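**Q** Below are the structure tokens for one structure; questions will follow.
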2 protein chains.
Amino acid sequence: MTSQAIALSGARPAAKGRRAPVDKFGARRIELAEAALATLGELGYARTSLREIAENTKFSHGVFHYYFADKNELICFCVRHYKAKCVARYDEVVATARTREALMAGFLEKLGETIRDEAPMHRLWYDLRAQALFEDAFRQDVAAIDKSLEAMVWRIVSRFAELGGKRPAISPPALYALFDGLFQKALFERFAGNAEAVADLLAEVRRLLPTVA
Amino acid sequence: MTSQAIALSGARPAAKGRRAPVDKFGARRIELAEAALATLGELGYARTSLREIAENTKFSHGVFHYYFADKNELICFCVRHYKAKCVARYDEVVATARTREALMAGFLEKLGETIRDEAPMHRLWYDLRAQALFEDAFRQDVAAIDKSLEAMVWRIVSRFAELGGKRPAISPPALYALFDGLFQKALFERFAGNAEAVADLLAEVRRLLPTVA
DNA sequence: GTTCTTTCTTGACACTCGTTCAGGAATGTC
DNA sequence: GACATTCCTGAACGAGTGTCAAGAAAGAAC
């Protein structure tokens with residue numbers, strides 16, 4: 001449900017008599033968003049035009065204006081959609097792991113997977129977060145996503161502490177700052193061509209986790 | 001000298017017989033960069049055009065192309081220039097402080113000052129760092145700045161530990177990740193209108209510093 | 001004062017952008 | 001079948017972009 005908390009919102013502009021049974025409109029929005037994510041992750045917010053998004057798609061660029069009020073709404077929807085799926089994945093690890101070791105292993109695995117396979121999505125997120133420092137339109141969505149990520153990290157570490165009969169030795173914001181900072185660094189180095197970036201990140205986290213919980 | 005390490009570079013395109021005595025060219029570059037920083041910090045990388053930069057200036061927009069190869073070089077130069085000054089300021093605190101308490105106080109003071117008075121500069125830096133995830137042209141400069149910031153934080157905390165007869169309990173990358181993450185969060189909240197953001201940051205750092213060194 | 005170089009202004013060029021909208025295609029409903 | 005609604009296309013618009021080049025202005029050298 002945490003993953004849903006940041007996923008919904010952004011209903012259609014003037015939905016008057018829309019039937020709920022099968023939400024074709026919502027489904028198409030998601031389809032378009034997932035198609036847009038590929039281009040956005042490749043070029044970033046500023047360099048991506050709706051025309052370019054549409055070109056990597058079977059649709060024309062006009063469709064995007066039919067389903068989204070403007071470019072900003074599209075991008076917010078995309079990132080929110082992606083990050084919600086991310087959070088859900090980590091939460092599954094927390095729900096499944098029965099021992100400290102299993103949780104550590106599961107966490108590191110997901111971490112490695114996501115930074116390896118979905119690096120473009122993550123850089124889009126950092127791009128959006130930076131834009132939110134300038135543009136009011138992004139702030140609410142970014143704040144919500146950031147909050148959900150902080151909560152997710154806190155759930156992981158809390159559970160890790162619990163499985164060891166301990167308590168986290170650090171505040172939720174500091175914990176998130178730490179992990180997010182390390183993640184950002186690894187992401188940057190990965191794009192800079194450092195092949196060891198992911199391994200270094202995982203090693204650092206493996207070393208750090210037991211010291212904070 | 002650390003502040004210089006990231007400040008230089010970017011010589012004039014085809015400097016053939018330029019006299020060194022008084023570097024008018026370099027001085028003008030700095031003057032233009034400092035003027036550009038105001039607009040860049042207000043609008044961010046993507047939304048700022050050279051014409052808009054020039055409008056908040058006594059110069060015309062053509063001058064910027066006379067002194068800088070292109071928009072990217074201008075922006076890199078601006079941010080490098082600003083961050084070099086930042087590092088120098090913190091280093092002065094480290095060099096001056098004679099006790100743990102003095103170092104803590106000096107560090108917190110500079111931290112508060114800079115996030116209060118120079119928030120637009122900092123959001124420009126985070127913007128540039130995000131762009132570097134997409135654009136190769138920024139990567140080298142961003143990596144250099146990031147490295148210099150990590151080293152600066154390490155010098156502060158090392159000295160803090162030393163003054164207490166201890167050693168830092170955390171790796172340089174993790175330390176920087178932690179502080180940078182908290183700073184980013186505070187910056188965001190400040191722009192989102194949270195008046196307590198700066199105070200919260202300082203409180204968190206005050207609590208955290210003795211636990212890591 | 002004249003000449004040469006450096007510095008700066010101005011206007012134009014060639015694009016790209018988000019957005020709008022008239023109209024056609026597809027789909028659903030009776 | 002016909003009609004209504006929803007969905008989608010593609011052209012057009014107006015605004016804005018980085019870059020460049022021609023030449024004016026300022027300064028230095030003699």
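Ligands are numbered from 1 in the order shown, residues from 1 within each chain, and chains are lettered A, B, ... in the order they appear in the structure tokens.
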What's around stretch 17-27 of chain C at 9 Å? Count only C-alpha atoms (C1' of nucleotides), leave out sequence neighbours fewer than 5 positions away in its own chain, and write the answer as number ranges by chain.

**A** A: 49-50, 65, 70-71; D: 5-9, 12-13, 15-17

**Q** Wanna dump the chain B-chain C contacts at 8 Å for me, each residue with its shortest atom pair and the distance in Å to one decimal, counting only C-alpha atoms (C1' of nucleotides), ordered by chain and number, as JSON lines?

**A**
```
{"residue": "B:Ser60", "atom": "CA", "partner": "C:DT9", "partner_atom": "C1'", "distance": 6.6}
{"residue": "B:Gly62", "atom": "CA", "partner": "C:DT9", "partner_atom": "C1'", "distance": 7.3}
{"residue": "B:Val63", "atom": "CA", "partner": "C:DC8", "partner_atom": "C1'", "distance": 6.3}
```

**Q** Write the residues of the selection above to a file with C-alpha atoms, as an mmCIF file, in the first residue's frame.

**A**
```cif
data_model
loop_
_atom_site.group_PDB
_atom_site.id
_atom_site.type_symbol
_atom_site.label_atom_id
_atom_site.label_comp_id
_atom_site.auth_asym_id
_atom_site.auth_seq_id
_atom_site.Cartn_x
_atom_site.Cartn_y
_atom_site.Cartn_z
ATOM 1 C CA SER B 60 25.205 41.984 -24.161
ATOM 2 C CA GLY B 62 27.342 38.164 -27.401
ATOM 3 C CA VAL B 63 30.082 38.784 -24.847
#
```

**Q** Just to confirm, what's the straight-line distance from atom CA of B:Thr48 to atom C1' of D:DG14 in Å (one decimal)?

**A**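 Between atom CA of B:Thr48 and atom C1' of D:DG14 the gap works out to 19.7 Å.
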
**Q** For chain B, which residue out of D:DG18, D:DC30, D:DG10, D:DG23 is the nearest one, using only C-alpha atoms (C1' of nucleotides)?

**A** D:DG18

**Q** Should the cut-off be 10 Å, what would the residue list for chain B against chain A look like, counting only C-alpha atoms, as a PDB file with C-alpha atoms, in the first residue's frame?

**A**
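Below is the file out-v4.pdb, written as the result:
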```pdb
ATOM      1  CA  GLY B  41      20.863  30.088  -9.409  1.00  0.00           C
ATOM      2  CA  GLU B  42      17.436  31.520  -9.931  1.00  0.00           C
ATOM      3  CA  LEU B  43      16.377  29.541 -12.971  1.00  0.00           C
ATOM      4  CA  GLY B  44      18.593  26.475 -13.154  1.00  0.00           C
ATOM      5  CA  TYR B  45      20.574  25.059 -16.010  1.00  0.00           C
ATOM      6  CA  ALA B  46      17.821  24.191 -18.452  1.00  0.00           C
ATOM      7  CA  ARG B  47      15.652  27.242 -18.092  1.00  0.00           C
ATOM      8  CA  ALA B 119      20.716  28.470  -1.430  1.00  0.00           C
ATOM      9  CA  PRO B 120      20.337  29.306  -5.144  1.00  0.00           C
ATOM     10  CA  HIS B 122      23.618  25.144  -4.105  1.00  0.00           C
ATOM     11  CA  ARG B 123      20.583  24.162  -6.079  1.00  0.00           C
ATOM     12  CA  LEU B 124      22.485  25.045  -9.212  1.00  0.00           C
ATOM     13  CA  TRP B 125      25.198  22.646  -8.126  1.00  0.00           C
ATOM     14  CA  TYR B 126      22.729  19.832  -7.605  1.00  0.00           C
ATOM     15  CA  ASP B 127      21.190  20.627 -10.945  1.00  0.00           C
ATOM     16  CA  LEU B 128      24.553  20.445 -12.648  1.00  0.00           C
ATOM     17  CA  ARG B 129      25.373  17.181 -10.898  1.00  0.00           C
ATOM     18  CA  ALA B 130      22.124  15.684 -12.134  1.00  0.00           C
ATOM     19  CA  GLN B 131      22.813  16.862 -15.668  1.00  0.00           C
ATOM     20  CA  ALA B 132      26.208  15.208 -15.476  1.00  0.00           C
ATOM     21  CA  LEU B 133      24.399  11.882 -15.227  1.00  0.00           C
ATOM     22  CA  PHE B 134      23.191  12.508 -18.767  1.00  0.00           C
ATOM     23  CA  GLU B 135      25.758  14.713 -20.405  1.00  0.00           C
ATOM     24  CA  ASP B 136      29.352  13.726 -20.772  1.00  0.00           C
ATOM     25  CA  ARG B 139      31.143  14.717 -15.859  1.00  0.00           C
ATOM     26  CA  GLN B 140      34.772  15.674 -15.381  1.00  0.00           C
ATOM     27  CA  VAL B 142      31.320  17.462 -11.504  1.00  0.00           C
ATOM     28  CA  ALA B 143      33.576  14.599 -10.491  1.00  0.00           C
ATOM     29  CA  ASP B 146      32.466  16.220  -5.783  1.00  0.00           C
ATOM     30  CA  ALA B 169      34.382   5.849  12.496  1.00  0.00           C
ATOM     31  CA  ILE B 170      33.248   5.937   8.899  1.00  0.00           C
ATOM     32  CA  SER B 171      34.745   5.939   5.417  1.00  0.00           C
ATOM     33  CA  PRO B 173      32.615   8.360   0.841  1.00  0.00           C
ATOM     34  CA  ALA B 174      30.043   7.355   3.431  1.00  0.00           C
ATOM     35  CA  LEU B 175      30.758  10.463   5.443  1.00  0.00           C
ATOM     36  CA  TYR B 176      30.295  12.707   2.443  1.00  0.00           C
ATOM     37  CA  ALA B 177      27.194  10.820   1.363  1.00  0.00           C
ATOM     38  CA  LEU B 178      25.691  11.362   4.797  1.00  0.00           C
ATOM     39  CA  PHE B 179      26.378  15.085   5.018  1.00  0.00           C
ATOM     40  CA  ASP B 180      25.577  15.767   1.409  1.00  0.00           C
ATOM     41  CA  GLY B 181      22.310  13.889   1.684  1.00  0.00           C
ATOM     42  CA  LEU B 182      21.283  15.853   4.759  1.00  0.00           C
ATOM     43  CA  PHE B 183      22.275  19.109   3.099  1.00  0.00           C
ATOM     44  CA  GLN B 184      20.256  18.279   0.016  1.00  0.00           C
ATOM     45  CA  LYS B 185      17.244  17.477   2.110  1.00  0.00           C
ATOM     46  CA  LEU B 187      17.905  22.677   0.852  1.00  0.00           C
ATOM     47  CA  PHE B 188      14.817  21.107  -0.624  1.00  0.00           C
ATOM     48  CA  GLU B 189      12.732  21.773   2.438  1.00  0.00           C
ATOM     49  CA  ARG B 190      13.942  25.326   2.566  1.00  0.00           C
ATOM     50  CA  PHE B 191      12.683  25.921  -0.931  1.00  0.00           C
ATOM     51  CA  ALA B 192       9.486  24.096  -0.094  1.00  0.00           C
ATOM     52  CA  LEU B 201      19.921  20.337   9.668  1.00  0.00           C
ATOM     53  CA  GLU B 204      21.087  16.727  13.147  1.00  0.00           C
ATOM     54  CA  VAL B 205      24.717  17.492  12.336  1.00  0.00           C
ATOM     55  CA  ARG B 207      24.034  15.200  17.096  1.00  0.00           C
ATOM     56  CA  LEU B 208      25.754  13.195  14.375  1.00  0.00           C
ATOM     57  CA  THR B 211      29.041   9.772  16.817  1.00  0.00           C
TER      58      THR B 211
END
```

**Q** Using only C-alpha atoms (C1' of nucleotides), which residues of chain A come within 12 Å of chain D, and what is the closest atom pair for each, with the distance in Å to one decimal? Give it as a Markdown table, sorted by chain and residue number.

**A**
```
| residue | atom | partner | partner_atom | distance |
| --- | --- | --- | --- | --- |
| A:Gly17 | CA | D:DT5 | C1' | 11.9 |
| A:Arg18 | CA | D:DT6 | C1' | 11.2 |
| A:Lys24 | CA | D:DT6 | C1' | 10.9 |
| A:Phe25 | CA | D:DC7 | C1' | 10.1 |
| A:Arg28 | CA | D:DC7 | C1' | 10.9 |
| A:Arg51 | CA | D:DG10 | C1' | 11.8 |
| A:Lys58 | CA | D:DC8 | C1' | 11.3 |
| A:Phe59 | CA | D:DC8 | C1' | 8.2 |
| A:Ser60 | CA | D:DT9 | C1' | 6.7 |
| A:His61 | CA | D:DT9 | C1' | 8.7 |
| A:Gly62 | CA | D:DT9 | C1' | 7.1 |
| A:Val63 | CA | D:DC8 | C1' | 6.3 |
| A:Phe64 | CA | D:DC8 | C1' | 10.1 |
| A:His65 | CA | D:DC8 | C1' | 10.7 |
| A:Tyr66 | CA | D:DC8 | C1' | 8.6 |
| A:Tyr67 | CA | D:DC7 | C1' | 10.2 |
```

**Q** Dump C-alpha atoms for the selected residues as a tab-separated table (two decimals), in the first residue's frame?

**A**
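So result23.tsv came out as:
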```tsv
chain	number	residue	atom	x	y	z
A	17	GLY	CA	-19.22	10.25	-16.47
A	18	ARG	CA	-16.34	7.86	-16.75
A	24	LYS	CA	-9.11	2.19	-20.20
A	25	PHE	CA	-8.05	5.77	-19.74
A	28	ARG	CA	-3.42	3.99	-21.50
A	51	ARG	CA	8.11	14.63	-30.14
A	58	LYS	CA	3.70	3.72	-31.87
A	59	PHE	CA	1.81	6.89	-31.03
A	60	SER	CA	1.91	10.44	-32.30
A	61	HIS	CA	3.00	13.28	-30.09
A	62	GLY	CA	-0.52	14.64	-29.94
A	63	VAL	CA	-1.70	11.68	-27.87
A	64	PHE	CA	0.40	12.71	-24.95
A	65	HIS	CA	-1.52	15.94	-24.74
A	66	TYR	CA	-4.74	14.04	-24.84
A	67	TYR	CA	-3.78	11.96	-21.81
```

**Q** List every residue of stretch 18-188 of chain B that DSSP, applied to the backbone, labels as helix (DSSP H, G or I), and write the result as a VMD selection string.

**A** chain B and resid 24 to 43 50 to 55 61 to 67 71 to 96 100 to 117 119 to 132 136 to 163 172 to 188
